[in-house]
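Below is one structure, written out as structure tokens; the observations come after it.
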Amino acid sequence: MVSNSSPLVGSTFTKGVGQDCQGKTMFTNFEQTIVDTTAAQINLVKGGQGAPLLLLHGYPQTHVMWHKIAPLLAENFTVVATDLRGYGDSSTPTSTPNHINYSKRVMAQDQVEVMSKLGYEEFYVVGHDRGARVAHRLALDYPHRVKKLALLDIAPTHKMYRTTDQEFATAYYHWFFLIQPDNLPETLIGANPEYYLRNCLEKWGKDFSAFHPQALAEYIRCFCQPAVIHATCEDYRAAATIDLEHDELDIEQKIQCPVLVLWGEKGIIERKYNVLETWQERAIDVQGQSLPCGHFLPEEAPEETYQAIYKFLGNN
């Protein structure tokens, strides 16, 4: 464990780890802490009782995105909701030319180490957006650790890049904007990060009122830090480079544990992919359904999301 005042350096940007952690007030009866991994410091909240369940958030959010369903899940599971490296109040490790420090393999390793330090060698995983991509890699690299896996509103990264067309590129323009080099996206986002974040939430979701004001304030507080803007760009740069290399090397390897896929019926994933068929190419046991919302399932459709996850994981 570390204190909440240790500064780390990410490229040319400096960020205080766990600066305020205001999101902890949205998780009643959860404990907030920071755990050291091999190369990062991971902020998290933990609460509940039962089998361990790891929740991984997406872009441009933090662990706070789970605030509507984590307390419900905590009635039957020990819930661990983390900030991915580079996001929220976790550290922002230095970036490198090959973007390895933000590869999904390294980000997955963070999460496995966190769970080990908390005493959990096997656990359930639920990931949304970028967190789901980390979760996908985690299940491939550590098949003995993941008991069941739920993936929210994604198709596999490799599939999405390889089938890109105008409709996808228009809807997911940020995939191609954020990977630009030489701090171009960092400079443009940094000019008005709150506007950019709000635009992402408004365009990808279908009900902006679903974002609790306190949650929105947390997203803004964390995302407006230059180190976070840079680190999250590195996440996408890794996805377009080294992550694809890793995917190519084990493209025939399938996820061994049972998989639940959920997606918003009003979003691009629904329009562009046969989601179940797509994930059946990458996993041996897949089930799932669409939910009546946009991209942000746990906030736009919390009851439906909770019920689907709970039914899949089962009552311990």
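Simple scheme: letters A, B, ... for chains in structure tokens order, numbers from 1 for residues in each chain, numbers from 1 for ligands in the order shown.
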Running DSSP on the backbone, which parts of range 34-260 of chain A land in strand (DSSP E or B), as JSON, numbers by chain? {"A": [34, 35, 36, 41, 42, 43, 44, 45, 46, 47, 48, 51, 52, 53, 54, 55, 56, 77, 78, 79, 80, 81, 82, 123, 124, 125, 126, 127, 128, 146, 147, 148, 149, 150, 151, 152, 255, 259, 260]}
Cut-off 7 Å: closest range 72-124 of chain A/range 136-146 of chain A atom pairs per residue, using only C-alpha atoms, as a Markdown table:
```
| residue | atom | partner | partner_atom | distance |
| --- | --- | --- | --- | --- |
| A:Lys104 | CA | A:Arg137 | CA | 6.2 |
| A:Arg105 | CA | A:Arg137 | CA | 6.1 |
| A:Ala108 | CA | A:Leu138 | CA | 5.0 |
| A:Glu121 | CA | A:Arg145 | CA | 6.0 |
| A:Glu122 | CA | A:Arg145 | CA | 4.4 |
| A:Phe123 | CA | A:Val146 | CA | 5.4 |
| A:Tyr124 | CA | A:Val146 | CA | 5.7 |
```
For those residues, write N, CA, C and O atoms to a file as an mmCIF file, in the first residue's frame.
```cif
data_model
loop_
_atom_site.group_PDB
_atom_site.id
_atom_site.type_symbol
_atom_site.label_atom_id
_atom_site.label_comp_id
_atom_site.auth_asym_id
_atom_site.auth_seq_id
_atom_site.Cartn_x
_atom_site.Cartn_y
_atom_site.Cartn_z
ATOM 1 N N LYS A 104 -2.564 -3.611 -23.336
ATOM 2 C CA LYS A 104 -3.566 -4.289 -22.517
ATOM 3 C C LYS A 104 -2.931 -5.423 -21.729
ATOM 4 O O LYS A 104 -3.425 -5.772 -20.650
ATOM 5 N N ARG A 105 -1.842 -5.969 -22.229
ATOM 6 C CA ARG A 105 -1.142 -7.031 -21.483
ATOM 7 C C ARG A 105 -0.588 -6.492 -20.169
ATOM 8 O O ARG A 105 -0.752 -7.107 -19.112
ATOM 9 N N ALA A 108 -3.472 -5.473 -17.873
ATOM 10 C CA ALA A 108 -4.066 -6.663 -17.264
ATOM 11 C C ALA A 108 -3.197 -7.184 -16.129
ATOM 12 O O ALA A 108 -3.702 -7.622 -15.087
ATOM 13 N N GLU A 121 -6.798 -15.195 -5.781
ATOM 14 C CA GLU A 121 -6.091 -15.834 -6.883
ATOM 15 C C GLU A 121 -7.034 -16.204 -8.022
ATOM 16 O O GLU A 121 -6.612 -16.358 -9.162
ATOM 17 N N GLU A 122 -8.318 -16.364 -7.731
ATOM 18 C CA GLU A 122 -9.342 -16.580 -8.744
ATOM 19 C C GLU A 122 -10.463 -15.572 -8.507
ATOM 20 O O GLU A 122 -10.790 -15.280 -7.347
ATOM 21 N N PHE A 123 -11.056 -15.076 -9.573
ATOM 22 C CA PHE A 123 -12.065 -14.046 -9.404
ATOM 23 C C PHE A 123 -12.890 -13.896 -10.682
ATOM 24 O O PHE A 123 -12.505 -14.369 -11.757
ATOM 25 N N TYR A 124 -14.029 -13.247 -10.536
ATOM 26 C CA TYR A 124 -14.859 -12.859 -11.669
ATOM 27 C C TYR A 124 -14.383 -11.496 -12.169
ATOM 28 O O TYR A 124 -13.860 -10.693 -11.397
#
```
Rank nothing, just name the residue among A:Leu216, A:Ile34, A:Leu297, A:Ile242 nearest to Gln61 in chain A, using only C-alpha atoms. A:Leu216
Show which residues sit within 10 Å of Ala239 in chain A, as a PyMOL selection string. Count only C-alpha atoms, and ignore same-chain residues fewer than 6 positions away. chain A and resi 99-100+102-104+130+133+157-158+161+175+179+233+245-247
If DSSP is run on the backbone, what residues of range 9-157 of chain A are helix (DSSP H, G or I)? A reply as a ChimeraX atom specification would be ideal. /A:22-26,63-66,70-73,100-102,104-117,130-141,157
Long-range neighbours of Thr305 in chain A as a VMD selection string, 9 Å cut-off, only C-alpha atoms, 6 positions minimum in chain: chain A and resid 69 262 291 297 to 299
Tyr196 in chain A proximity check over A:Val126, A:Ala40, A:Ile220, A:Ala135, using only C-alpha atoms: winner is A:Ile220
My list of candidates is A:Lys272, A:Glu300, A:Thr92, A:Val45. Which is closest to Gln225 in chain A when distances are computed with only C-alpha atoms?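 Nearest candidate to Gln225 in chain A out of A:Lys272, A:Glu300, A:Thr92, A:Val45: A:Thr92.
The shell of residues at most 8 Å from Gly205 in chain A, with only C-alpha atoms counted and near chain neighbours (fewer than 6 positions) removed, consists of Gly267, Cys293, Gly294, His295, Phe296 and Glu300 of chain A.
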Quick one: distance from CA of Leu72 in chain A to CA of Gln287 in chain A in Å, one decimal?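 Separation of CA of Leu72 in chain A and CA of Gln287 in chain A: 22.1 Å.
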Rounded to one decimal place, report the CA of Thr37 in chain A-CA of Val79 in chain A distance in Å. 18.9 Å
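Distance-wise, CA of Val286 in chain A and CA of Gln109 in chain A end up 23.9 Å apart.
The shortest atom-to-atom distance to Ala217 in chain A, with only C-alpha atoms taken into account, belongs to A:Leu197 out of A:Leu197, A:Gly86, A:Val114, A:Gly119.
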Looking at only C-alpha atoms, which of A:Lys46, A:Lys148, A:Arg237, A:Lys203 is the one that sits closest to Asn101 in chain A? A:Arg237
Go through A:Thr33, A:Gln307, A:Gln289, A:Thr62 one by one, measure the shortest atom-to-atom distance of each to Thr232 in chain A using only C-alpha atoms, and give the residue with the smallest value.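 Going through A:Thr33, A:Gln307, A:Gln289, A:Thr62 one by one, the smallest distance to Thr232 in chain A is for A:Thr62.
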Excluding same-chain residues fewer than 6 positions from Asp110 in chain A, what lies within 10 Å of it counting only C-alpha atoms, as a CSV table (one decimal) with all heavy atoms, in the first residue's frame?
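Okay, this is what ended up in part26.csv:
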```csv
chain,number,residue,atom,x,y,z
A,35,VAL,N,-2.9,0.4,-4.3
A,35,VAL,CA,-2.1,-0.8,-4.2
A,35,VAL,C,-0.9,-0.6,-5.2
A,35,VAL,O,-1.1,-0.3,-6.4
A,35,VAL,CB,-2.9,-2.0,-4.6
A,35,VAL,CG1,-2.0,-3.3,-4.7
A,35,VAL,CG2,-4.0,-2.3,-3.5
A,36,ASP,N,0.3,-1.0,-4.7
A,36,ASP,CA,1.4,-1.0,-5.6
A,36,ASP,C,1.4,-2.3,-6.5
A,36,ASP,O,1.2,-3.4,-6.0
A,36,ASP,CB,2.7,-1.0,-4.8
A,36,ASP,CG,3.1,0.3,-4.3
A,36,ASP,OD1,2.8,1.3,-5.0
A,36,ASP,OD2,3.8,0.4,-3.2
A,37,THR,N,1.6,-2.1,-7.8
A,37,THR,CA,2.0,-3.2,-8.6
A,37,THR,C,3.4,-3.1,-9.1
A,37,THR,O,4.1,-2.2,-8.6
A,37,THR,CB,1.0,-3.3,-9.9
A,37,THR,OG1,1.3,-2.1,-10.7
A,37,THR,CG2,-0.4,-3.2,-9.4
A,38,THR,N,3.9,-4.0,-10.0
A,38,THR,CA,5.3,-3.9,-10.4
A,38,THR,C,5.6,-2.6,-11.0
A,38,THR,O,6.7,-2.1,-10.7
A,38,THR,CB,5.5,-5.0,-11.5
A,38,THR,OG1,5.2,-6.3,-10.9
A,38,THR,CG2,6.9,-5.0,-12.0
A,39,ALA,N,4.7,-1.9,-11.7
A,39,ALA,CA,5.1,-0.7,-12.4
A,39,ALA,C,4.1,0.4,-12.3
A,39,ALA,O,4.1,1.3,-13.1
A,39,ALA,CB,5.4,-1.0,-13.8
A,40,ALA,N,3.1,0.3,-11.4
A,40,ALA,CA,2.1,1.3,-11.3
A,40,ALA,C,1.5,1.3,-9.9
A,40,ALA,O,1.8,0.4,-9.1
A,40,ALA,CB,1.0,1.0,-12.3
A,41,GLN,N,0.7,2.3,-9.6
A,41,GLN,CA,0.0,2.4,-8.3
A,41,GLN,C,-1.5,2.5,-8.7
A,41,GLN,O,-1.9,3.4,-9.4
A,41,GLN,CB,0.4,3.6,-7.5
A,41,GLN,CG,1.9,3.5,-7.1
A,41,GLN,CD,2.4,4.7,-6.4
A,41,GLN,OE1,2.2,5.8,-6.9
A,41,GLN,NE2,3.1,4.6,-5.3
A,42,ILE,N,-2.3,1.6,-8.2
A,42,ILE,CA,-3.7,1.4,-8.7
A,42,ILE,C,-4.6,1.8,-7.6
A,42,ILE,O,-4.6,1.2,-6.5
A,42,ILE,CB,-3.9,0.0,-9.1
A,42,ILE,CG1,-3.0,-0.4,-10.3
A,42,ILE,CG2,-5.4,-0.2,-9.6
A,42,ILE,CD1,-3.1,0.4,-11.5
A,84,LEU,N,-8.0,2.0,-13.9
A,84,LEU,CA,-6.9,1.5,-14.8
A,84,LEU,C,-5.7,2.4,-14.7
A,84,LEU,O,-5.8,3.6,-14.4
A,84,LEU,CB,-7.3,1.4,-16.2
A,84,LEU,CG,-8.5,0.5,-16.5
A,84,LEU,CD1,-9.0,0.7,-17.9
A,84,LEU,CD2,-8.1,-0.9,-16.3
A,85,ARG,N,-4.5,1.9,-14.9
A,85,ARG,CA,-3.3,2.8,-14.9
A,85,ARG,C,-3.5,3.9,-16.0
A,85,ARG,O,-4.1,3.6,-17.1
A,85,ARG,CB,-2.0,2.0,-15.3
A,85,ARG,CG,-2.0,1.4,-16.7
A,85,ARG,CD,-0.5,1.1,-17.1
A,85,ARG,NE,0.1,0.1,-16.1
A,85,ARG,CZ,1.4,-0.1,-16.1
A,85,ARG,NH1,2.2,0.5,-17.0
A,85,ARG,NH2,1.9,-1.0,-15.3
A,104,LYS,N,-2.6,-3.6,-23.3
A,104,LYS,CA,-3.6,-4.3,-22.5
A,104,LYS,C,-2.9,-5.4,-21.7
A,104,LYS,O,-3.4,-5.8,-20.6
A,104,LYS,CB,-4.7,-4.8,-23.4
A,104,LYS,CG,-5.4,-3.7,-24.2
A,104,LYS,CD,-5.8,-2.5,-23.3
A,104,LYS,CE,-5.8,-1.2,-24.1
A,104,LYS,NZ,-4.5,-0.7,-24.6
A,116,SER,N,-4.1,-10.3,-6.5
A,116,SER,CA,-3.2,-11.2,-5.6
A,116,SER,C,-2.9,-10.5,-4.3
A,116,SER,O,-2.9,-11.1,-3.3
A,116,SER,CB,-2.0,-11.5,-6.4
A,116,SER,OG,-2.2,-12.4,-7.5
A,134,VAL,N,-9.0,-4.6,-21.6
A,134,VAL,CA,-8.1,-5.2,-20.6
A,134,VAL,C,-8.5,-6.5,-20.1
A,134,VAL,O,-7.7,-7.5,-19.9
A,134,VAL,CB,-7.9,-4.2,-19.4
A,134,VAL,CG1,-7.0,-4.8,-18.3
A,134,VAL,CG2,-7.3,-2.8,-19.9
A,138,LEU,N,-6.7,-10.1,-20.1
A,138,LEU,CA,-6.5,-10.7,-18.8
A,138,LEU,C,-6.9,-12.2,-18.9
A,138,LEU,O,-6.2,-13.1,-18.4
A,138,LEU,CB,-7.2,-10.0,-17.8
A,138,LEU,CG,-6.9,-10.3,-16.3
A,138,LEU,CD1,-7.4,-9.1,-15.4
A,138,LEU,CD2,-7.5,-11.6,-15.8
```
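Neighbours of range 48-58 of chain A closer than or equal to 7 Å, with only C-alpha atoms counted and sequence neighbours fewer than 5 positions away skipped, come out as His63, Met65, Ala74, Glu75, Asn76, Phe77, Thr78, Val79, Val80, Ala81, Thr82, Tyr120, Phe123, Tyr124, Val125, Val126, Gly127, His128, Asp129, Arg130, Gly131, Ala132 and Asn316 of chain A.
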